[in-house]
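Source file: input20.cif. Holds: mmCIF, C-alpha atoms.
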```cif
data_coords
#
loop_
_atom_site.label_atom_id
_atom_site.label_comp_id
_atom_site.auth_asym_id
_atom_site.auth_seq_id
_atom_site.Cartn_x
_atom_site.Cartn_y
_atom_site.Cartn_z
CA MET A 349 0.00 0.00 0.00
CA PHE A 350 2.92 2.31 0.67
CA MET A 351 4.11 1.98 -2.91
CA PHE A 352 0.58 2.59 -4.23
CA ARG A 353 0.31 5.83 -2.26
CA ARG A 354 3.82 6.79 -3.31
CA GLY A 355 2.83 6.27 -6.95
CA MET A 356 -0.25 8.41 -6.48
CA GLY A 357 1.79 11.17 -4.85
CA HIS A 358 4.33 11.22 -7.65
CA ALA A 359 1.58 11.48 -10.26
CA LEU A 360 -0.06 14.53 -8.67
CA PRO A 361 2.07 17.16 -10.49
CA PHE A 362 0.73 15.77 -13.76
CA VAL A 363 -2.75 16.90 -12.82
CA VAL A 364 -2.02 20.37 -14.21
CA MET A 365 -1.09 18.79 -17.53
CA ILE A 366 -3.72 16.09 -17.87
CA VAL A 367 -6.80 18.02 -16.83
CA PRO A 368 -6.53 20.86 -19.39
CA PHE A 369 -5.62 18.35 -22.09
CA ALA A 370 -8.58 16.10 -21.25
CA VAL A 371 -10.98 19.05 -21.03
CA LEU A 372 -9.76 20.29 -24.40
CA PHE A 373 -10.37 16.85 -25.87
CA GLY A 374 -13.93 16.97 -24.53
CA VAL A 375 -14.56 20.44 -25.95
CA VAL A 376 -13.14 19.51 -29.37
CA SER A 377 -15.14 16.24 -29.38
CA ARG A 378 -18.30 18.20 -28.74
CA GLU A 379 -17.34 20.59 -31.56
CA ALA A 380 -16.85 17.59 -33.83
CA GLY A 381 -20.36 16.38 -33.03
CA LEU A 382 -19.63 13.60 -30.54
CA ALA A 383 -22.15 12.88 -27.80
CA MET A 384 -21.05 12.67 -24.15
CA GLY A 385 -21.04 8.87 -24.13
CA GLU A 386 -19.10 8.65 -27.38
CA ALA A 387 -16.36 10.98 -26.18
CA ILE A 388 -15.99 9.13 -22.87
CA VAL A 389 -15.85 5.72 -24.55
CA PHE A 390 -13.27 7.14 -26.97
CA SER A 391 -11.07 8.18 -24.02
CA MET A 392 -11.73 4.92 -22.20
CA VAL A 393 -10.93 2.61 -25.11
CA VAL A 394 -7.97 4.43 -26.64
CA VAL A 395 -6.35 6.06 -23.55
CA ALA A 396 -3.91 8.07 -25.67
CA GLY A 397 -4.63 11.79 -25.92
CA THR A 398 -2.37 12.69 -28.81
CA ALA A 399 -3.74 9.91 -31.01
CA GLN A 400 -7.32 10.81 -30.05
CA PHE A 401 -6.78 14.44 -31.04
CA THR A 402 -5.13 13.42 -34.30
CA ALA A 403 -8.02 11.14 -35.20
CA LEU A 404 -10.59 13.80 -34.34
CA GLN A 405 -8.80 16.46 -36.37
CA LEU A 406 -8.53 14.23 -39.44
CA MET A 407 -12.16 13.10 -39.15
CA MET A 408 -13.24 16.74 -39.09
CA ASP A 409 -11.14 17.26 -42.24
CA ASN A 410 -13.06 14.34 -43.78
CA ALA A 411 -9.93 12.31 -44.39
CA PRO A 412 -10.48 8.68 -45.52
CA LEU A 413 -10.99 6.23 -42.67
CA ALA A 414 -7.79 4.26 -43.31
CA ILE A 415 -5.74 7.48 -43.20
CA VAL A 416 -7.37 8.57 -39.95
CA ILE A 417 -6.49 5.25 -38.32
CA ALA A 418 -2.98 4.98 -39.80
CA SER A 419 -2.06 8.54 -38.83
CA ALA A 420 -3.37 8.27 -35.27
CA LEU A 421 -1.55 4.97 -34.78
CA ALA A 422 1.64 6.48 -36.20
CA VAL A 423 1.43 9.19 -33.54
CA ASN A 424 1.21 6.36 -31.00
CA LEU A 425 4.32 4.51 -32.19
CA ARG A 426 6.28 5.70 -29.17
CA LEU A 427 4.16 3.32 -27.08
CA VAL A 428 6.06 0.42 -28.65
CA MET A 429 9.21 1.91 -27.20
CA TYR A 430 7.63 2.29 -23.76
CA SER A 431 6.51 -1.31 -23.89
CA ALA A 432 10.02 -2.53 -24.73
CA SER A 433 11.58 -0.30 -22.12
CA ILE A 434 9.34 -1.37 -19.22
CA ASN A 435 9.43 -5.05 -20.19
CA PRO A 436 12.42 -5.93 -17.93
CA HIS A 437 10.26 -4.91 -14.94
CA PHE A 438 6.98 -6.59 -15.84
CA GLY A 439 7.97 -9.17 -18.46
CA HIS A 440 7.68 -12.08 -16.00
CA ALA A 441 4.46 -10.97 -14.34
CA PRO A 442 1.24 -12.97 -14.80
CA ARG A 443 -0.58 -12.30 -18.04
CA TRP A 444 -3.44 -10.32 -16.45
CA MET A 445 -0.93 -8.02 -14.79
CA ARG A 446 0.92 -7.44 -18.03
CA ALA A 447 -2.39 -6.67 -19.75
CA VAL A 448 -3.33 -4.12 -17.08
CA VAL A 449 0.10 -2.47 -17.31
CA ALA A 450 -0.19 -2.34 -21.10
CA TYR A 451 -3.65 -0.76 -20.90
CA LEU A 452 -2.47 2.00 -18.54
CA LEU A 453 0.94 2.56 -20.16
CA VAL A 454 0.82 6.25 -21.13
CA ASP A 455 3.43 9.02 -21.19
CA GLN A 456 2.98 9.91 -17.53
CA THR A 457 2.77 6.44 -15.97
CA TYR A 458 5.71 5.28 -18.09
CA ALA A 459 7.95 8.24 -17.32
CA GLN A 460 7.26 8.15 -13.57
CA SER A 461 7.61 4.39 -13.19
CA ILE A 462 10.81 4.00 -15.14
CA VAL A 463 12.46 6.75 -13.07
CA GLU A 464 11.27 5.19 -9.80
CA PHE A 465 12.38 1.65 -10.77
CA ASP A 466 15.83 2.89 -11.76
CA ARG A 467 16.17 4.87 -8.56
CA THR A 468 15.08 1.98 -6.31
CA PRO A 469 16.55 -1.21 -7.79
CA ASN A 470 15.41 -3.79 -5.21
CA LEU A 471 11.66 -3.44 -5.59
CA THR A 472 9.62 -6.64 -5.81
CA LEU A 473 7.26 -7.22 -8.71
CA PHE A 474 4.31 -6.50 -6.43
CA GLN A 475 5.80 -3.20 -5.24
CA LYS A 476 6.47 -2.13 -8.81
CA PHE A 477 2.92 -3.01 -9.80
CA ALA A 478 1.54 -1.11 -6.80
CA TYR A 479 3.57 1.97 -7.71
CA PHE A 480 2.49 1.81 -11.34
CA MET A 481 -1.17 1.39 -10.34
CA GLY A 482 -0.85 4.35 -7.96
CA ASN A 483 0.23 6.45 -10.94
CA GLY A 484 -2.63 5.08 -12.99
CA ALA A 485 -5.17 5.68 -10.22
CA VAL A 486 -4.49 9.43 -10.57
CA VAL A 487 -3.97 9.71 -14.31
CA TYR A 488 -6.73 7.49 -15.68
CA PRO A 489 -9.80 8.79 -13.77
CA LEU A 490 -8.70 12.38 -14.44
CA TRP A 491 -8.48 11.63 -18.13
CA LEU A 492 -12.09 10.39 -18.21
CA ILE A 493 -13.51 13.05 -15.87
CA GLY A 494 -11.69 15.79 -17.80
CA THR A 495 -13.17 14.51 -21.05
CA ALA A 496 -16.68 14.59 -19.57
CA VAL A 497 -16.20 18.10 -18.16
CA GLY A 498 -14.95 19.25 -21.57
CA VAL A 499 -17.98 17.88 -23.41
CA GLN A 500 -20.24 19.61 -20.88
CA MET A 501 -18.35 22.90 -21.28
CA GLY A 502 -18.51 22.54 -25.06
CA GLN A 503 -22.31 22.53 -24.83
CA VAL A 504 -22.32 25.78 -22.87
CA ILE A 505 -19.72 27.88 -24.65
CA THR A 506 -20.53 28.01 -28.33
CA THR A 507 -17.24 29.04 -29.88
CA ASP A 508 -17.60 29.84 -33.53
CA GLY A 509 -14.17 30.13 -35.13
CA GLY A 510 -10.97 30.36 -33.17
CA LEU A 511 -11.48 27.08 -31.33
CA ASP A 512 -10.11 25.24 -34.33
CA PHE A 513 -6.79 26.73 -33.30
CA ALA A 514 -6.80 25.43 -29.71
CA LEU A 515 -5.52 22.04 -30.82
CA PRO A 516 -2.62 23.33 -32.95
CA ILE A 517 -1.59 25.64 -30.09
CA ALA A 518 -1.68 22.78 -27.58
CA PHE A 519 0.42 20.52 -29.81
CA LEU A 520 2.92 23.27 -30.64
CA ALA A 521 3.33 24.00 -26.94
CA MET A 522 4.04 20.28 -26.42
CA VAL A 523 6.70 20.30 -29.13
CA GLY A 524 8.65 23.22 -27.58
CA PRO A 525 10.00 21.35 -24.53
CA MET A 526 10.83 18.30 -26.68
CA LEU A 527 13.43 20.23 -28.70
CA ARG A 528 16.31 19.36 -26.38
CA THR A 529 18.97 18.12 -28.79
CA PRO A 530 20.07 18.92 -32.36
CA ALA A 531 18.49 15.60 -33.39
CA HIS A 532 15.10 16.59 -31.96
CA LEU A 533 15.34 19.98 -33.70
CA ALA A 534 16.21 18.31 -37.00
CA ALA A 535 13.27 15.90 -36.65
CA ALA A 536 10.76 18.67 -35.93
CA PHE A 537 12.06 21.03 -38.62
CA THR A 538 12.22 18.35 -41.32
CA ALA A 539 8.74 17.09 -40.46
CA ALA A 540 7.23 20.59 -40.50
CA THR A 541 8.88 21.46 -43.83
CA LEU A 542 7.85 18.18 -45.48
CA SER A 543 4.27 18.56 -44.24
CA LEU A 544 4.06 21.95 -45.97
CA ILE A 545 5.67 20.70 -49.19
CA CYS A 546 3.34 17.68 -49.21
CA PHE A 547 0.23 19.70 -48.36
CA ASP A 548 -1.40 18.85 -51.70
CA VAL A 549 -0.57 15.15 -51.58
CA PRO A 550 -3.93 13.34 -51.56
CA TYR A 551 -5.51 11.52 -48.59
CA ASP A 552 -3.70 13.68 -46.01
CA LEU A 553 -0.62 11.51 -46.54
CA GLY A 554 1.52 14.59 -45.91
CA LEU A 555 1.31 13.82 -42.20
CA ILE A 556 2.79 10.34 -42.60
CA ILE A 557 5.43 11.51 -45.09
CA GLY A 558 6.41 14.41 -42.86
CA GLY A 559 6.42 12.23 -39.75
CA LEU A 560 8.56 9.46 -41.23
CA GLY A 561 10.89 12.01 -42.83
CA GLY A 562 11.30 13.79 -39.51
CA MET A 563 11.96 10.52 -37.65
CA SER A 564 14.64 9.58 -40.18
CA ALA A 565 16.23 13.02 -39.92
CA GLY A 566 16.33 12.77 -36.12
CA ALA A 567 17.79 9.27 -36.22
CA TRP A 568 20.37 10.31 -38.81
CA VAL A 569 21.54 13.34 -36.82
CA GLU A 570 21.69 11.26 -33.64
CA LYS A 571 23.79 8.60 -35.30
CA SER A 572 26.10 11.13 -36.92
CA PHE A 573 26.73 12.88 -33.64
CA HIS A 574 26.83 9.75 -31.43
CA ARG A 575 24.21 10.97 -29.02
CA ILE A 576 23.69 9.16 -25.72
CA LYS A 577 20.79 6.75 -25.67
CA THR A 578 17.82 7.78 -23.59
CA TYR A 579 14.31 6.46 -23.68
CA ASP A 580 12.12 9.44 -24.14
CA GLY A 581 9.99 11.12 -26.74
CA MET B 178 -18.54 14.08 -39.19
CA THR B 179 -22.01 12.72 -38.66
CA ASP B 180 -21.32 9.16 -39.70
CA LYS B 181 -21.38 7.30 -36.41
CA ILE B 182 -20.31 3.99 -37.92
CA ASP B 183 -17.05 5.59 -39.04
CA LEU B 184 -16.54 6.98 -35.55
CA TRP B 185 -16.96 3.56 -33.92
CA ILE B 186 -14.65 1.94 -36.46
CA VAL B 187 -12.00 4.53 -35.62
CA ILE B 188 -12.47 4.06 -31.87
CA ALA B 189 -12.28 0.27 -32.14
CA ALA B 190 -9.26 0.29 -34.46
CA LEU B 191 -7.37 2.80 -32.34
CA GLY B 192 -8.22 0.93 -29.16
CA LEU B 193 -6.96 -2.36 -30.54
CA GLY B 194 -3.94 -0.76 -32.21
CA SER B 195 -2.86 1.24 -29.18
CA PHE B 196 -3.26 -1.69 -26.84
CA GLY B 197 -1.37 -3.88 -29.29
CA MET B 198 1.54 -1.45 -29.40
CA ARG B 199 1.72 -1.34 -25.61
CA PHE B 200 1.37 -5.10 -25.21
CA VAL B 201 3.69 -6.18 -27.99
CA PHE B 202 6.88 -6.24 -25.90
CA LEU B 203 5.22 -6.74 -22.53
CA GLY B 204 3.20 -9.71 -23.62
CA LEU B 205 4.56 -11.29 -26.74
CA ILE B 206 8.21 -10.69 -27.61
CA LYS B 207 9.27 -10.90 -23.98
CA ASP B 208 13.03 -10.95 -23.83
CA LYS B 209 14.16 -9.54 -27.13
CA PRO B 210 15.43 -5.97 -26.99
CA LEU B 211 14.49 -3.66 -29.85
CA PRO B 212 17.19 -3.26 -32.48
CA ASP B 213 19.16 -0.01 -32.19
CA TRP B 214 18.03 1.47 -35.49
CA MET B 215 14.42 1.03 -34.42
CA THR B 216 14.70 2.73 -31.02
CA ARG B 217 16.67 5.45 -32.74
CA HIS B 218 13.71 6.14 -35.04
CA LEU B 219 10.98 5.60 -32.45
CA ARG B 220 12.61 8.16 -30.19
CA TYR B 221 11.61 10.88 -32.66
CA THR B 222 7.99 9.86 -33.34
CA ALA B 223 6.33 12.52 -31.21
CA VAL B 224 8.71 15.33 -32.07
CA ALA B 225 8.28 14.61 -35.81
CA LEU B 226 4.60 13.71 -36.09
CA LEU B 227 3.19 16.57 -34.02
CA PRO B 228 4.82 19.30 -36.17
CA ALA B 229 3.82 17.40 -39.32
CA LEU B 230 0.20 17.40 -38.14
CA VAL B 231 0.06 20.95 -36.89
CA THR B 232 2.25 23.09 -39.18
CA PRO B 233 -0.17 23.04 -42.13
CA LEU B 234 -3.05 23.87 -39.75
CA ALA B 235 -1.12 26.91 -38.50
CA VAL B 236 0.05 28.12 -41.91
CA TRP B 237 -3.03 27.43 -44.04
CA PRO B 238 -5.98 27.13 -41.64
CA ASP B 239 -9.27 25.68 -42.92
CA SER B 240 -11.36 28.29 -41.17
CA THR B 241 -9.80 31.12 -43.23
CA GLY B 242 -10.29 29.14 -46.42
CA GLY B 243 -6.59 28.26 -46.51
CA ALA B 244 -5.27 31.83 -46.42
CA ALA B 245 -2.36 32.50 -44.07
CA ASP B 246 -3.49 34.40 -40.97
CA PRO B 247 -0.92 36.61 -39.17
CA ALA B 248 -2.58 36.09 -35.75
CA ARG B 249 -2.28 32.30 -36.09
CA LEU B 250 1.30 32.41 -37.35
CA VAL B 251 2.51 34.67 -34.56
CA ALA B 252 0.63 32.72 -31.88
CA ALA B 253 2.04 29.44 -33.24
CA CYS B 254 5.63 30.72 -33.06
CA VAL B 255 5.06 32.08 -29.55
CA ALA B 256 3.61 28.75 -28.37
CA VAL B 257 6.64 26.78 -29.61
CA GLY B 258 9.12 29.41 -28.44
CA THR B 259 7.64 29.73 -24.96
CA GLY B 260 7.43 25.96 -24.63
CA TYR B 261 11.05 25.68 -25.70
CA PHE B 262 12.45 28.30 -23.33
CA THR B 263 10.32 27.57 -20.26
CA LYS B 264 10.38 23.76 -20.82
CA SER B 265 6.71 23.89 -19.89
CA VAL B 266 3.75 22.84 -22.02
CA PHE B 267 1.54 24.82 -19.70
CA TRP B 268 3.26 28.17 -20.28
CA GLY B 269 3.53 27.50 -24.00
CA MET B 270 -0.23 26.89 -24.24
CA GLY B 271 -1.00 29.91 -22.08
CA ALA B 272 1.25 32.28 -24.00
CA GLY B 273 0.24 31.06 -27.46
CA GLY B 274 -3.47 30.80 -26.66
CA GLY B 275 -3.58 34.10 -24.79
CA LEU B 276 -1.82 35.93 -27.59
CA PHE B 277 -4.10 34.40 -30.22
CA ILE B 278 -7.24 35.49 -28.35
CA SER B 279 -5.88 39.03 -27.83
CA LEU B 280 -4.79 39.36 -31.46
CA ARG B 281 -8.23 38.30 -32.66
CA PHE B 282 -9.74 41.11 -30.63
CA ILE B 283 -7.29 43.70 -31.93
CA LEU B 284 -7.12 42.72 -35.62
#
```
As structure tokens - that is how I would like this structure written.
Amino acid sequence: MFMFRRGMGHALPFVVMIVPFAVLFGVVSREAGLAMGEAIVFSMVVVAGTAQFTALQLMMDNAPLAIVIASALAVNLRLVMYSASINPHFGHAPRWMRAVVAYLLVDQTYAQSIVEFDRTPNLTLFQKFAYFMGNGAVVYPLWLIGTAVGVQMGQVITTDGGLDFALPIAFLAMVGPMLRTPAHLAAAFTAATLSLICFDVPYDLGLIIGGLGGMSAGAWVEKSFHRIKTYDG
Amino acid sequence: MTDKIDLWIVIAALGLGSFGMRFVFLGLIKDKPLPDWMTRHLRYTAVALLPALVTPLAVWPDSTGGAADPARLVAACVAVGTGYFTKSVFWGMGAGGGLFISLRFIL
């Protein structure tokens, strides 16, 4: 129980990040014509804000279904890395436990847990699970409640025009702190440039082209400059 | 976006896909580490895909019929710049969003 409470405590600072993000998702869902139940199920089933926003944006642009799904999943590719990185800690847990960890493996729970497990090497599997679940017990309910609050707010404040820019602003603000190394800068700059050049490419494929181009640029710069390996976005 | 069937297909596909990505190394390929070239690329997914998604929306927004809008461009640069210098998503959103709202009033 100590580790569970410790996990909850460490997740508290994320409240200021998750709540506005979740509320914004609710408001944008409402704007896109989703009912309360639909938006909540969306958040409950997918549990990945960035991918949810991407899908919503592309659906509002009337992109083909396959492109919506492919693009949103591409945004989620970093989850594969989280899964690989946390595997040494949970790889030998019972299947149900691994499934629960996988379901709740998001940016915040991953980042907190991996730091805690590195800092305290002798934790038992149960302690690690308790810590992880403590993180999740803060992050997950807030994600759903925030979504619901956002949908409710979206019904009250009718924002014609301008709101379409809330999402780009939120994503751009997220990109800023990620630009820590020359490789990250190269990735972002290449992706942005390619997405503009490929603006007229059909089926909104510019996103995928820009994304893959940016990833390659980042990887290339990293390799050329022998950057230290770290597991983060 | 009134087609509810499309919406549920997207939700189901993303749910399965996202869970699959999280479970793939936890559940299936237990003890194999990812090859170096792959982690090297995956490390830059977020920092590449987010700008690729958002830059066209900032430069040629739908709601202006695709014409560049100075308020959006300035607010976009301020959001990235503030996020970069303060290392805080929160401040970046506040500065970019606040500036955009003010500029819309003025212009």
- Task: Evaluate the PyMOL selection byres ((chain A) within 6 of (chain B)) and record the selected residues as a PyMOL selection string, following the chain and residue labels used in the document.
- Result: chain A and resi 390+393-394+408+426-428+431-432+435+439+450+516+518+520-522+524-525+535-536+539-540+543-544+555+558-559+562-563+567+581
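You will find CA of Pro530 (chain A) at 10.8 Å from CA of Trp568 (chain A).
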Extract, using all atoms listed in the file, all DNA, RNA and protein residues at most 7 Å from Gly482 (chain A), discarding same-chain residues fewer than 6 positions from it, and format them as a JSON list (two decimals) with C-alpha atoms, in the frame of the given file.
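That gives us selection03.json:
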```
[["chain", "number", "residue", "atom", "x", "y", "z"],
["A", 352, "PHE", "CA", 0.58, 2.59, -4.23],
["A", 353, "ARG", "CA", 0.31, 5.83, -2.26],
["A", 355, "GLY", "CA", 2.83, 6.27, -6.95],
["A", 356, "MET", "CA", -0.25, 8.41, -6.48]]
```
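Across the structure, CA of Arg467 (chain A) and CA of Asp455 (chain A) are spaced 18.4 Å apart.
Between CA of Tyr479 (chain A) and CA of Met351 (chain A) there is a distance of 4.8 Å.
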- Message: For this structure, which residues satisfy the selection - the PyMOL selection byres ((chain A and resi 376-386) around 10) - when it is evaluated on the file as given? I want them as an NGL selection string.
- Response: (:A and (370-375 or 387-392 or 400-401 or 404-405 or 407-408 or 495-503 or 506-508 or 511-512 or 514-515)) or (:B and (178-181 or 184-185 or 188))
Find the spatial neighbours of Ala399 (chain A), counting only C-alpha atoms, within a cut-off of 7 Å - ignore same-chain residues fewer than 5 positions away - and output them as a PDB file with C-alpha atoms, keeping the file's coordinate frame.
```pdb
ATOM      1  CA  ALA A 420      -3.370   8.270 -35.270  1.00  0.00           C
ATOM      2  CA  LEU A 421      -1.550   4.970 -34.780  1.00  0.00           C
ATOM      3  CA  VAL A 423       1.430   9.190 -33.540  1.00  0.00           C
ATOM      4  CA  ASN A 424       1.210   6.360 -31.000  1.00  0.00           C
TER       5      ASN A 424
END
```
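Distances from A:Ala359, A:Met445, A:Val367, A:Ala414 to Ala459 (chain A) were compared using all atoms listed in the file, and the smallest one belongs to A:Ala359.
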Around all the atoms of region 456-459 of chain A listed in the file, with 3 Å of room on each side, what axis-aligned box do you get, giving centre and edge lengths in Å to one decimal, as JSON?
```
{"center_x": 5.4, "center_y": 7.6, "center_z": -17.0, "size_x": 11.2, "size_y": 10.6, "size_z": 8.1}
```
Residue rebuild result region 472-495 of chain A, N, CA and C atoms as an mmCIF file, in the frame of the given file:
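rebuild-v7.cif was written with the following content:
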```
data_model
loop_
_atom_site.group_PDB
_atom_site.id
_atom_site.type_symbol
_atom_site.label_atom_id
_atom_site.label_comp_id
_atom_site.auth_asym_id
_atom_site.auth_seq_id
_atom_site.Cartn_x
_atom_site.Cartn_y
_atom_site.Cartn_z
ATOM 1 N N THR A 472 10.213 -5.387 -5.349
ATOM 2 C CA THR A 472 9.620 -6.640 -5.810
ATOM 3 C C THR A 472 8.631 -6.333 -6.927
ATOM 4 N N LEU A 473 8.240 -7.386 -7.638
ATOM 5 C CA LEU A 473 7.260 -7.220 -8.710
ATOM 6 C C LEU A 473 5.992 -6.575 -8.168
ATOM 7 N N PHE A 474 5.553 -7.029 -6.996
ATOM 8 C CA PHE A 474 4.310 -6.500 -6.430
ATOM 9 C C PHE A 474 4.446 -5.009 -6.106
ATOM 10 N N GLN A 475 5.595 -4.618 -5.555
ATOM 11 C CA GLN A 475 5.800 -3.200 -5.240
ATOM 12 C C GLN A 475 5.803 -2.341 -6.502
ATOM 13 N N LYS A 476 6.443 -2.875 -7.544
ATOM 14 C CA LYS A 476 6.470 -2.130 -8.810
ATOM 15 C C LYS A 476 5.060 -1.971 -9.361
ATOM 16 N N PHE A 477 4.295 -3.048 -9.292
ATOM 17 C CA PHE A 477 2.920 -3.010 -9.800
ATOM 18 C C PHE A 477 2.093 -2.012 -8.996
ATOM 19 N N ALA A 478 2.276 -2.040 -7.661
ATOM 20 C CA ALA A 478 1.540 -1.110 -6.800
ATOM 21 C C ALA A 478 1.871 0.335 -7.151
ATOM 22 N N TYR A 479 3.151 0.603 -7.360
ATOM 23 C CA TYR A 479 3.570 1.970 -7.710
ATOM 24 C C TYR A 479 2.942 2.395 -9.031
ATOM 25 N N PHE A 480 3.044 1.515 -10.022
ATOM 26 C CA PHE A 480 2.490 1.810 -11.340
ATOM 27 C C PHE A 480 0.983 2.074 -11.257
ATOM 28 N N MET A 481 0.281 1.228 -10.476
ATOM 29 C CA MET A 481 -1.170 1.390 -10.340
ATOM 30 C C MET A 481 -1.517 2.671 -9.587
ATOM 31 N N GLY A 482 -0.640 3.073 -8.652
ATOM 32 C CA GLY A 482 -0.850 4.350 -7.960
ATOM 33 C C GLY A 482 -0.808 5.508 -8.939
ATOM 34 N N ASN A 483 0.168 5.472 -9.844
ATOM 35 C CA ASN A 483 0.230 6.450 -10.940
ATOM 36 C C ASN A 483 -1.069 6.440 -11.742
ATOM 37 N N GLY A 484 -1.444 5.231 -12.150
ATOM 38 C CA GLY A 484 -2.630 5.080 -12.990
ATOM 39 C C GLY A 484 -3.896 5.539 -12.299
ATOM 40 N N ALA A 485 -3.964 5.327 -10.976
ATOM 41 C CA ALA A 485 -5.170 5.680 -10.220
ATOM 42 C C ALA A 485 -5.393 7.194 -10.199
ATOM 43 N N VAL A 486 -4.328 7.975 -10.458
ATOM 44 C CA VAL A 486 -4.490 9.430 -10.570
ATOM 45 C C VAL A 486 -4.772 9.811 -12.021
ATOM 46 N N VAL A 487 -3.945 9.279 -12.918
ATOM 47 C CA VAL A 487 -3.970 9.710 -14.310
ATOM 48 C C VAL A 487 -5.252 9.296 -15.029
ATOM 49 N N TYR A 488 -5.648 8.040 -14.868
ATOM 50 C CA TYR A 488 -6.730 7.490 -15.680
ATOM 51 C C TYR A 488 -8.100 8.112 -15.361
ATOM 52 N N PRO A 489 -8.501 8.161 -14.059
ATOM 53 C CA PRO A 489 -9.800 8.790 -13.770
ATOM 54 C C PRO A 489 -9.853 10.254 -14.214
ATOM 55 N N LEU A 490 -8.717 10.974 -14.036
ATOM 56 C CA LEU A 490 -8.700 12.380 -14.440
ATOM 57 C C LEU A 490 -8.906 12.526 -15.940
ATOM 58 N N TRP A 491 -8.347 11.593 -16.683
ATOM 59 C CA TRP A 491 -8.480 11.630 -18.130
ATOM 60 C C TRP A 491 -9.951 11.514 -18.536
ATOM 61 N N LEU A 492 -10.673 10.598 -17.872
ATOM 62 C CA LEU A 492 -12.090 10.390 -18.210
ATOM 63 C C LEU A 492 -12.957 11.549 -17.691
ATOM 64 N N ILE A 493 -12.709 11.957 -16.447
ATOM 65 C CA ILE A 493 -13.510 13.050 -15.870
ATOM 66 C C ILE A 493 -13.289 14.330 -16.673
ATOM 67 N N GLY A 494 -12.017 14.597 -17.012
ATOM 68 C CA GLY A 494 -11.690 15.790 -17.800
ATOM 69 C C GLY A 494 -12.427 15.788 -19.138
ATOM 70 N N THR A 495 -12.460 14.625 -19.783
ATOM 71 C CA THR A 495 -13.170 14.510 -21.050
ATOM 72 C C THR A 495 -14.638 14.885 -20.877
#
```
